[in-house]
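What follows is the content of structure09.pdb (PDB, C-alpha atoms, pLDDT in the B column).
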```pdb
ATOM      1  CA  MET A  25     -34.087  18.473  25.919  1.00 95.00           C
ATOM      2  CA  TYR A  26     -34.884  21.788  24.284  1.00 96.00           C
ATOM      3  CA  PHE A  27     -38.008  23.791  25.135  1.00 97.00           C
ATOM      4  CA  VAL A  28     -39.660  27.047  24.116  1.00 97.00           C
ATOM      5  CA  ILE A  29     -41.813  29.269  26.275  1.00 97.00           C
ATOM      6  CA  PHE A  30     -44.391  31.297  24.380  1.00 97.00           C
ATOM      7  CA  GLY A  31     -46.106  33.938  26.498  1.00 96.00           C
ATOM      8  CA  SER A  32     -48.639  36.661  25.743  1.00 96.00           C
ATOM      9  CA  ASP A  33     -48.937  39.673  28.031  1.00 95.00           C
ATOM     10  CA  LYS A  34     -52.258  40.614  29.595  1.00 95.00           C
ATOM     11  CA  PRO A  35     -53.776  43.720  28.023  1.00 93.00           C
ATOM     12  CA  GLY A  36     -53.128  46.897  29.980  1.00 91.00           C
ATOM     13  CA  THR A  37     -49.958  45.677  31.688  1.00 91.00           C
ATOM     14  CA  GLY A  38     -47.500  47.554  29.484  1.00 86.00           C
ATOM     15  CA  GLN A  39     -45.945  49.739  32.186  1.00 88.00           C
ATOM     16  CA  GLN A  40     -45.710  46.869  34.691  1.00 91.00           C
ATOM     17  CA  ARG A  41     -44.123  44.787  31.952  1.00 89.00           C
ATOM     18  CA  ARG A  42     -41.534  47.438  31.152  1.00 88.00           C
ATOM     19  CA  ASP A  43     -40.798  47.769  34.868  1.00 91.00           C
ATOM     20  CA  THR A  44     -39.945  44.022  35.077  1.00 90.00           C
ATOM     21  CA  LEU A  45     -37.417  43.944  32.217  1.00 90.00           C
ATOM     22  CA  ASP A  46     -34.387  43.930  34.523  1.00 93.00           C
ATOM     23  CA  ASP A  47     -35.901  41.339  36.887  1.00 94.00           C
ATOM     24  CA  VAL A  48     -36.779  39.026  34.010  1.00 94.00           C
ATOM     25  CA  ALA A  49     -33.327  39.428  32.450  1.00 95.00           C
ATOM     26  CA  SER A  50     -31.704  38.581  35.813  1.00 96.00           C
ATOM     27  CA  TYR A  51     -33.947  35.543  36.234  1.00 96.00           C
ATOM     28  CA  LEU A  52     -33.102  34.233  32.778  1.00 95.00           C
ATOM     29  CA  ARG A  53     -29.393  34.891  33.256  1.00 95.00           C
ATOM     30  CA  ASP A  54     -29.026  33.526  36.804  1.00 95.00           C
ATOM     31  CA  ARG A  55     -31.818  30.875  36.807  1.00 95.00           C
ATOM     32  CA  PRO A  56     -32.228  30.861  40.625  1.00 95.00           C
ATOM     33  CA  GLY A  57     -33.473  27.485  41.786  1.00 95.00           C
ATOM     34  CA  HIS A  58     -32.966  26.013  38.316  1.00 97.00           C
ATOM     35  CA  PRO A  59     -29.258  25.172  37.933  1.00 97.00           C
ATOM     36  CA  ASP A  60     -30.127  22.427  35.442  1.00 97.00           C
ATOM     37  CA  VAL A  61     -31.642  24.923  32.968  1.00 98.00           C
ATOM     38  CA  THR A  62     -29.593  26.594  30.215  1.00 96.00           C
ATOM     39  CA  VAL A  63     -31.146  29.578  28.435  1.00 97.00           C
ATOM     40  CA  HIS A  64     -29.978  29.922  24.832  1.00 95.00           C
ATOM     41  CA  CYS A  65     -31.960  32.978  23.763  1.00 93.00           C
ATOM     42  CA  ALA A  66     -34.841  34.988  25.108  1.00 95.00           C
ATOM     43  CA  GLY A  67     -36.575  38.300  24.789  1.00 93.00           C
ATOM     44  CA  PRO A  68     -39.815  40.177  24.616  1.00 93.00           C
ATOM     45  CA  THR A  69     -41.984  39.842  21.533  1.00 94.00           C
ATOM     46  CA  LEU A  70     -43.200  43.055  19.926  1.00 94.00           C
ATOM     47  CA  GLY A  71     -46.480  44.193  18.429  1.00 91.00           C
ATOM     48  CA  ASP A  72     -47.446  47.158  16.305  1.00 88.00           C
ATOM     49  CA  GLY A  73     -45.248  50.156  16.940  1.00 91.00           C
ATOM     50  CA  GLY A  74     -42.700  48.069  18.822  1.00 90.00           C
ATOM     51  CA  ALA A  75     -44.760  47.718  22.003  1.00 90.00           C
ATOM     52  CA  ILE A  76     -43.905  44.643  24.093  1.00 92.00           C
ATOM     53  CA  ASN A  77     -46.706  42.104  23.864  1.00 93.00           C
ATOM     54  CA  GLY A  78     -45.199  38.862  25.134  1.00 94.00           C
ATOM     55  CA  THR A  79     -42.119  36.762  25.698  1.00 95.00           C
ATOM     56  CA  LEU A  80     -40.177  33.969  24.040  1.00 97.00           C
ATOM     57  CA  VAL A  81     -37.529  31.827  25.761  1.00 97.00           C
ATOM     58  CA  LEU A  82     -35.548  29.012  24.143  1.00 96.00           C
ATOM     59  CA  PHE A  83     -33.800  26.814  26.693  1.00 97.00           C
ATOM     60  CA  GLU A  84     -32.616  23.375  27.739  1.00 96.00           C
ATOM     61  CA  ALA A  85     -34.034  21.494  30.714  1.00 98.00           C
ATOM     62  CA  PRO A  86     -33.821  17.844  31.771  1.00 98.00           C
ATOM     63  CA  SER A  87     -37.588  17.248  31.540  1.00 97.00           C
ATOM     64  CA  LEU A  88     -40.945  18.826  30.783  1.00 97.00           C
ATOM     65  CA  ASP A  89     -41.602  19.086  34.528  1.00 97.00           C
ATOM     66  CA  ALA A  90     -38.369  21.046  34.973  1.00 98.00           C
ATOM     67  CA  ALA A  91     -39.286  23.296  32.044  1.00 98.00           C
ATOM     68  CA  GLN A  92     -42.746  23.989  33.494  1.00 97.00           C
ATOM     69  CA  ALA A  93     -41.219  24.766  36.897  1.00 97.00           C
ATOM     70  CA  PHE A  94     -38.845  27.222  35.198  1.00 97.00           C
ATOM     71  CA  LEU A  95     -41.838  28.992  33.622  1.00 97.00           C
ATOM     72  CA  ALA A  96     -43.741  28.999  36.929  1.00 96.00           C
ATOM     73  CA  ASP A  97     -40.858  30.847  38.631  1.00 97.00           C
ATOM     74  CA  ASN A  98     -40.495  33.450  35.862  1.00 96.00           C
ATOM     75  CA  PRO A  99     -41.255  36.908  37.328  1.00 95.00           C
ATOM     76  CA  LEU A 100     -43.793  37.575  34.568  1.00 93.00           C
ATOM     77  CA  GLN A 101     -45.731  34.453  35.520  1.00 94.00           C
ATOM     78  CA  LYS A 102     -45.401  35.036  39.268  1.00 94.00           C
ATOM     79  CA  MET A 103     -46.658  38.624  38.939  1.00 93.00           C
ATOM     80  CA  GLY A 104     -49.619  37.512  36.815  1.00 94.00           C
ATOM     81  CA  LEU A 105     -48.593  39.605  33.809  1.00 94.00           C
ATOM     82  CA  LEU A 106     -48.976  36.788  31.277  1.00 95.00           C
ATOM     83  CA  GLU A 107     -52.446  36.219  29.888  1.00 96.00           C
ATOM     84  CA  GLU A 108     -51.321  32.951  28.394  1.00 96.00           C
ATOM     85  CA  ALA A 109     -48.092  30.971  28.546  1.00 96.00           C
ATOM     86  CA  SER A 110     -47.103  27.567  27.290  1.00 96.00           C
ATOM     87  CA  VAL A 111     -44.044  25.362  27.244  1.00 98.00           C
ATOM     88  CA  ARG A 112     -43.381  23.193  24.215  1.00 97.00           C
ATOM     89  CA  GLN A 113     -40.594  20.748  23.575  1.00 97.00           C
ATOM     90  CA  LEU A 114     -38.511  21.667  20.534  1.00 95.00           C
ATOM     91  CA  ASP A 115     -36.719  19.344  18.133  1.00 92.00           C
ATOM     92  CA  TRP A 116     -34.070  21.977  17.327  1.00 85.00           C
ATOM     93  CA  LYS A 117     -32.554  21.285  13.909  1.00 85.00           C
ATOM     94  CA  THR A 118     -30.953  24.437  12.534  1.00 86.00           C
ATOM     95  CA  GLY A 119     -28.378  26.586  14.250  1.00 83.00           C
ATOM     96  CA  CYS A 120     -28.496  24.588  17.462  1.00 72.00           C
ATOM     97  CA  PRO A 121     -25.577  24.862  19.896  1.00 69.00           C
ATOM     98  CA  GLY A 122     -22.889  22.250  20.086  1.00 63.00           C
TER      99      GLY A 122
END
```

Could you write out this file's structure as C-alpha coordinates?
Amino acid sequence: MYFVIFGSDKPGTGQQRRDTLDDVASYLRDRPGHPDVTVHCAGPTLGDGGAINGTLVLFEAPSLDAAQAFLADNPLQKMGLLEEASVRQLDWKTGCPG
(Lines of atoms letter the chains of each structure in order from A and count residues from 1; the text may use other names and numbers.)
(Lines give C-alpha, C1' and ligand atoms only; values in the text may rest on other atoms or scores of the structure.)
Protein backbone atom coordinates (compact mmCIF):
# COMPACT_ATOMS: atom_id res chain seq x y z
CA MET A 1 0.00 0.00 0.00
CA TYR A 2 1.21 3.49 -0.80
CA PHE A 3 1.09 6.33 1.73
CA VAL A 4 2.00 10.01 1.92
CA ILE A 5 3.12 11.91 4.98
CA PHE A 6 2.27 15.60 4.95
CA GLY A 7 3.93 17.57 7.73
CA SER A 8 4.04 21.26 8.63
CA ASP A 9 6.88 22.62 10.75
CA LYS A 10 6.18 24.52 13.95
CA PRO A 11 6.84 28.24 13.61
CA GLY A 12 10.22 29.32 14.92
CA THR A 13 11.92 25.95 14.48
CA GLY A 14 13.83 26.81 11.32
CA GLN A 15 17.35 26.37 12.70
CA GLN A 16 16.46 23.15 14.55
CA ARG A 17 14.87 21.91 11.34
CA ARG A 18 17.95 22.66 9.27
CA ASP A 19 20.08 20.94 11.91
CA THR A 20 18.04 17.70 11.50
CA LEU A 21 18.37 17.40 7.70
CA ASP A 22 21.06 14.72 7.86
CA ASP A 23 19.28 12.75 10.60
CA VAL A 24 16.00 12.79 8.69
CA ALA A 25 17.72 11.78 5.44
CA SER A 26 19.41 8.86 7.25
CA TYR A 27 16.11 7.79 8.81
CA LEU A 28 14.34 7.81 5.46
CA ARG A 29 17.19 5.99 3.74
CA ASP A 30 17.85 3.33 6.41
CA ARG A 31 14.33 3.02 7.94
CA PRO A 32 15.58 1.65 11.31
CA GLY A 33 12.92 -0.53 12.89
CA HIS A 34 10.83 -0.42 9.71
CA PRO A 35 12.29 -2.96 7.26
CA ASP A 36 8.87 -3.38 5.64
CA VAL A 37 8.75 0.28 4.54
CA THR A 38 10.06 1.46 1.16
CA VAL A 39 10.53 5.20 0.66
CA HIS A 40 10.05 6.28 -2.96
CA CYS A 41 10.59 10.02 -2.62
CA ALA A 42 10.82 12.53 0.18
CA GLY A 43 11.99 16.00 0.99
CA PRO A 44 11.31 19.24 2.75
CA THR A 45 8.57 21.51 1.45
CA LEU A 46 9.48 25.15 0.91
CA GLY A 47 7.73 28.44 1.58
CA ASP A 48 8.41 31.98 0.47
CA GLY A 49 12.07 32.61 -0.19
CA GLY A 50 12.86 28.90 -0.16
CA ALA A 51 12.64 28.49 3.62
CA ILE A 52 11.81 24.95 4.77
CA ASN A 53 8.27 24.82 6.12
CA GLY A 54 7.39 21.13 6.22
CA THR A 55 7.97 17.66 4.87
CA LEU A 56 6.51 15.26 2.33
CA VAL A 57 7.26 11.52 2.17
CA LEU A 58 5.83 9.07 -0.36
CA PHE A 59 6.33 5.46 0.68
CA GLU A 60 5.03 1.90 0.77
CA ALA A 61 4.04 0.13 3.98
CA PRO A 62 2.02 -3.03 4.63
CA SER A 63 -0.73 -1.23 6.58
CA LEU A 64 -1.92 2.11 7.92
CA ASP A 65 -0.65 1.11 11.37
CA ALA A 66 2.82 0.49 9.94
CA ALA A 67 2.70 3.83 8.12
CA GLN A 68 1.70 5.68 11.30
CA ALA A 69 4.49 3.95 13.24
CA PHE A 70 6.96 5.06 10.55
CA LEU A 71 5.80 8.67 11.01
CA ALA A 72 5.97 8.38 14.81
CA ASP A 73 9.65 7.35 14.60
CA ASN A 74 10.61 10.15 12.19
CA PRO A 75 13.16 12.44 13.91
CA LEU A 76 11.03 15.50 13.12
CA GLN A 77 8.06 13.97 14.93
CA LYS A 78 10.14 12.64 17.83
CA MET A 79 11.78 16.05 18.37
CA GLY A 80 8.41 17.81 18.29
CA LEU A 81 9.30 19.97 15.29
CA LEU A 82 6.11 19.24 13.36
CA GLU A 83 3.10 21.37 14.19
CA GLU A 84 0.89 19.03 12.24
CA ALA A 85 1.48 15.73 10.47
CA SER A 86 -0.82 13.27 8.79
CA VAL A 87 -0.56 9.99 6.95
CA ARG A 88 -2.88 9.33 4.03
CA GLN A 89 -3.19 6.28 1.85
CA LEU A 90 -2.50 7.02 -1.81
CA ASP A 91 -4.01 5.35 -4.86
CA TRP A 92 -0.91 6.06 -6.97
CA LYS A 93 -1.84 6.13 -10.66
CA THR A 94 0.79 8.04 -12.62
CA GLY A 95 4.50 7.40 -12.63
CA CYS A 96 4.29 4.71 -9.98
CA PRO A 97 7.17 2.24 -9.65
CA GLY A 98 7.01 -1.22 -11.09

Handout entry: Spatial neighbours of Asn98 in chain A, max dist 9 Å, only C-alpha atoms, sep filter under 4 positions, as a ChimeraX atom specification
Key = /A:48,51-52,93-94,102-103

Export of the given selection (C-alpha atoms) as an mmCIF file, keeping the file's coordinate frame:
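Result file out_27.cif:
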```cif
data_model
loop_
_atom_site.group_PDB
_atom_site.id
_atom_site.type_symbol
_atom_site.label_atom_id
_atom_site.label_comp_id
_atom_site.auth_asym_id
_atom_site.auth_seq_id
_atom_site.Cartn_x
_atom_site.Cartn_y
_atom_site.Cartn_z
ATOM 1 C CA VAL A 48 -36.779 39.026 34.010
ATOM 2 C CA TYR A 51 -33.947 35.543 36.234
ATOM 3 C CA LEU A 52 -33.102 34.233 32.778
ATOM 4 C CA ALA A 93 -41.219 24.766 36.897
ATOM 5 C CA PHE A 94 -38.845 27.222 35.198
ATOM 6 C CA LYS A 102 -45.401 35.036 39.268
ATOM 7 C CA MET A 103 -46.658 38.624 38.939
#
```

Practice task
Decode the PyMOL selection byres ((chain A and resi 72-87) around 9) for the given file into explicit residues and return them as a PyMOL selection string.
Solution key: chain A and resi 25-35+38+41-42+52+58+60-71+88-92+94+106+109+114

Adding 4 Å on each side of the box along x, y and z that holds all listed atoms of range 85-90 of chain A, could you give its centre and edge lengths in Å to one decimal, as JSON?
```
{"center_x": -37.7, "center_y": 19.4, "center_z": 32.8, "size_x": 15.8, "size_y": 12.2, "size_z": 12.3}
```

Fill in the blank from the handout: Among A:Glu107, A:Asp97, A:Asp115, A:Asp43, Gly57 in chain A is approached most closely, using all atoms listed in the file, by A:Asp97

Problem - Nearest candidate to Thr37 in chain A (options A:Leu95, A:Leu105, A:Leu100, A:Ala49; using all atoms listed in the file) - result: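 Under the stated criterion, the closest residue is A:Leu105.
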
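CA of Ser50 in chain A is positioned 21.7 Å from CA of Glu108 in chain A.
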
Handout entry: For CA of Gln101 in chain A and CA of Pro59 in chain A, the interatomic separation in Å (one decimal)
Key =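 Answer for the CA of Gln101 in chain A to CA of Pro59 in chain A separation: 19.1 Å.
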
Practice task
Quote the spacing between CA of Arg53 in chain A and CA of Thr118 in chain A in Å to one decimal place.
Solution key: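 Going from CA of Arg53 in chain A over to CA of Thr118 in chain A, I get 23.3 Å.
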
Any chance you could build range 93-121 of chain A out to N, CA and C atoms and write it as an mmCIF file, in the frame of the given file?
```
data_model
loop_
_atom_site.group_PDB
_atom_site.id
_atom_site.type_symbol
_atom_site.label_atom_id
_atom_site.label_comp_id
_atom_site.auth_asym_id
_atom_site.auth_seq_id
_atom_site.Cartn_x
_atom_site.Cartn_y
_atom_site.Cartn_z
ATOM 1 N N ALA A 93 -41.602 24.113 35.641
ATOM 2 C CA ALA A 93 -41.219 24.766 36.897
ATOM 3 C C ALA A 93 -40.439 26.048 36.617
ATOM 4 N N PHE A 94 -39.598 26.035 35.588
ATOM 5 C CA PHE A 94 -38.845 27.222 35.198
ATOM 6 C C PHE A 94 -39.794 28.340 34.766
ATOM 7 N N LEU A 95 -40.828 28.011 34.004
ATOM 8 C CA LEU A 95 -41.838 28.992 33.622
ATOM 9 C C LEU A 95 -42.582 29.499 34.854
ATOM 10 N N ALA A 96 -42.967 28.607 35.746
ATOM 11 C CA ALA A 96 -43.741 28.999 36.929
ATOM 12 C C ALA A 96 -42.992 30.006 37.799
ATOM 13 N N ASP A 97 -41.657 29.940 37.816
ATOM 14 C CA ASP A 97 -40.858 30.847 38.631
ATOM 15 C C ASP A 97 -40.463 32.128 37.904
ATOM 16 N N ASN A 98 -40.798 32.241 36.622
ATOM 17 C CA ASN A 98 -40.495 33.450 35.862
ATOM 18 C C ASN A 98 -41.246 34.628 36.493
ATOM 19 N N PRO A 99 -40.576 35.764 36.714
ATOM 20 C CA PRO A 99 -41.255 36.908 37.328
ATOM 21 C C PRO A 99 -42.538 37.319 36.608
ATOM 22 N N LEU A 100 -42.575 37.210 35.299
ATOM 23 C CA LEU A 100 -43.793 37.575 34.568
ATOM 24 C C LEU A 100 -44.969 36.682 34.973
ATOM 25 N N GLN A 101 -44.694 35.403 35.130
ATOM 26 C CA GLN A 101 -45.731 34.453 35.520
ATOM 27 C C GLN A 101 -46.120 34.676 36.985
ATOM 28 N N LYS A 102 -45.136 34.859 37.835
ATOM 29 C CA LYS A 102 -45.401 35.036 39.268
ATOM 30 C C LYS A 102 -46.189 36.312 39.547
ATOM 31 N N MET A 103 -45.954 37.356 38.751
ATOM 32 C CA MET A 103 -46.658 38.624 38.939
ATOM 33 C C MET A 103 -48.015 38.644 38.238
ATOM 34 N N GLY A 104 -48.332 37.579 37.495
ATOM 35 C CA GLY A 104 -49.619 37.512 36.815
ATOM 36 C C GLY A 104 -49.718 38.405 35.595
ATOM 37 N N LEU A 105 -48.584 38.715 34.970
ATOM 38 C CA LEU A 105 -48.593 39.605 33.809
ATOM 39 C C LEU A 105 -48.835 38.870 32.493
ATOM 40 N N LEU A 106 -48.754 37.554 32.505
ATOM 41 C CA LEU A 106 -48.976 36.788 31.277
ATOM 42 C C LEU A 106 -50.425 36.313 31.208
ATOM 43 N N GLU A 107 -51.073 36.673 30.112
ATOM 44 C CA GLU A 107 -52.446 36.219 29.888
ATOM 45 C C GLU A 107 -52.459 34.731 29.557
ATOM 46 N N GLU A 108 -51.431 34.342 28.839
ATOM 47 C CA GLU A 108 -51.321 32.951 28.394
ATOM 48 C C GLU A 108 -49.843 32.629 28.269
ATOM 49 N N ALA A 109 -49.481 31.413 28.680
ATOM 50 C CA ALA A 109 -48.092 30.971 28.546
ATOM 51 C C ALA A 109 -48.086 29.467 28.372
ATOM 52 N N SER A 110 -47.203 29.002 27.498
ATOM 53 C CA SER A 110 -47.103 27.567 27.290
ATOM 54 C C SER A 110 -45.642 27.187 27.105
ATOM 55 N N VAL A 111 -45.367 25.939 27.451
ATOM 56 C CA VAL A 111 -44.044 25.362 27.244
ATOM 57 C C VAL A 111 -44.208 24.248 26.226
ATOM 58 N N ARG A 112 -43.369 24.263 25.218
ATOM 59 C CA ARG A 112 -43.381 23.193 24.215
ATOM 60 C C ARG A 112 -41.976 22.653 24.047
ATOM 61 N N GLN A 113 -41.889 21.344 23.876
ATOM 62 C CA GLN A 113 -40.594 20.748 23.575
ATOM 63 C C GLN A 113 -40.257 21.073 22.130
ATOM 64 N N LEU A 114 -38.973 21.287 21.865
ATOM 65 C CA LEU A 114 -38.511 21.667 20.534
ATOM 66 C C LEU A 114 -37.510 20.647 20.030
ATOM 67 N N ASP A 115 -37.688 20.210 18.811
ATOM 68 C CA ASP A 115 -36.719 19.344 18.133
ATOM 69 C C ASP A 115 -35.858 20.288 17.292
ATOM 70 N N TRP A 116 -34.870 20.913 17.934
ATOM 71 C CA TRP A 116 -34.070 21.977 17.327
ATOM 72 C C TRP A 116 -33.165 21.385 16.269
ATOM 73 N N LYS A 117 -33.295 21.837 15.036
ATOM 74 C CA LYS A 117 -32.554 21.285 13.909
ATOM 75 C C LYS A 117 -31.514 22.228 13.318
ATOM 76 N N THR A 118 -31.830 23.503 13.234
ATOM 77 C CA THR A 118 -30.953 24.437 12.534
ATOM 78 C C THR A 118 -30.352 25.443 13.499
ATOM 79 N N GLY A 119 -29.039 25.605 13.434
ATOM 80 C CA GLY A 119 -28.378 26.586 14.250
ATOM 81 C C GLY A 119 -28.293 26.223 15.719
ATOM 82 N N CYS A 120 -28.506 24.971 16.055
ATOM 83 C CA CYS A 120 -28.496 24.588 17.462
ATOM 84 C C CYS A 120 -27.062 24.564 18.007
ATOM 85 N N PRO A 121 -26.918 24.841 19.303
ATOM 86 C CA PRO A 121 -25.577 24.862 19.896
ATOM 87 C C PRO A 121 -24.944 23.492 19.916
#
```
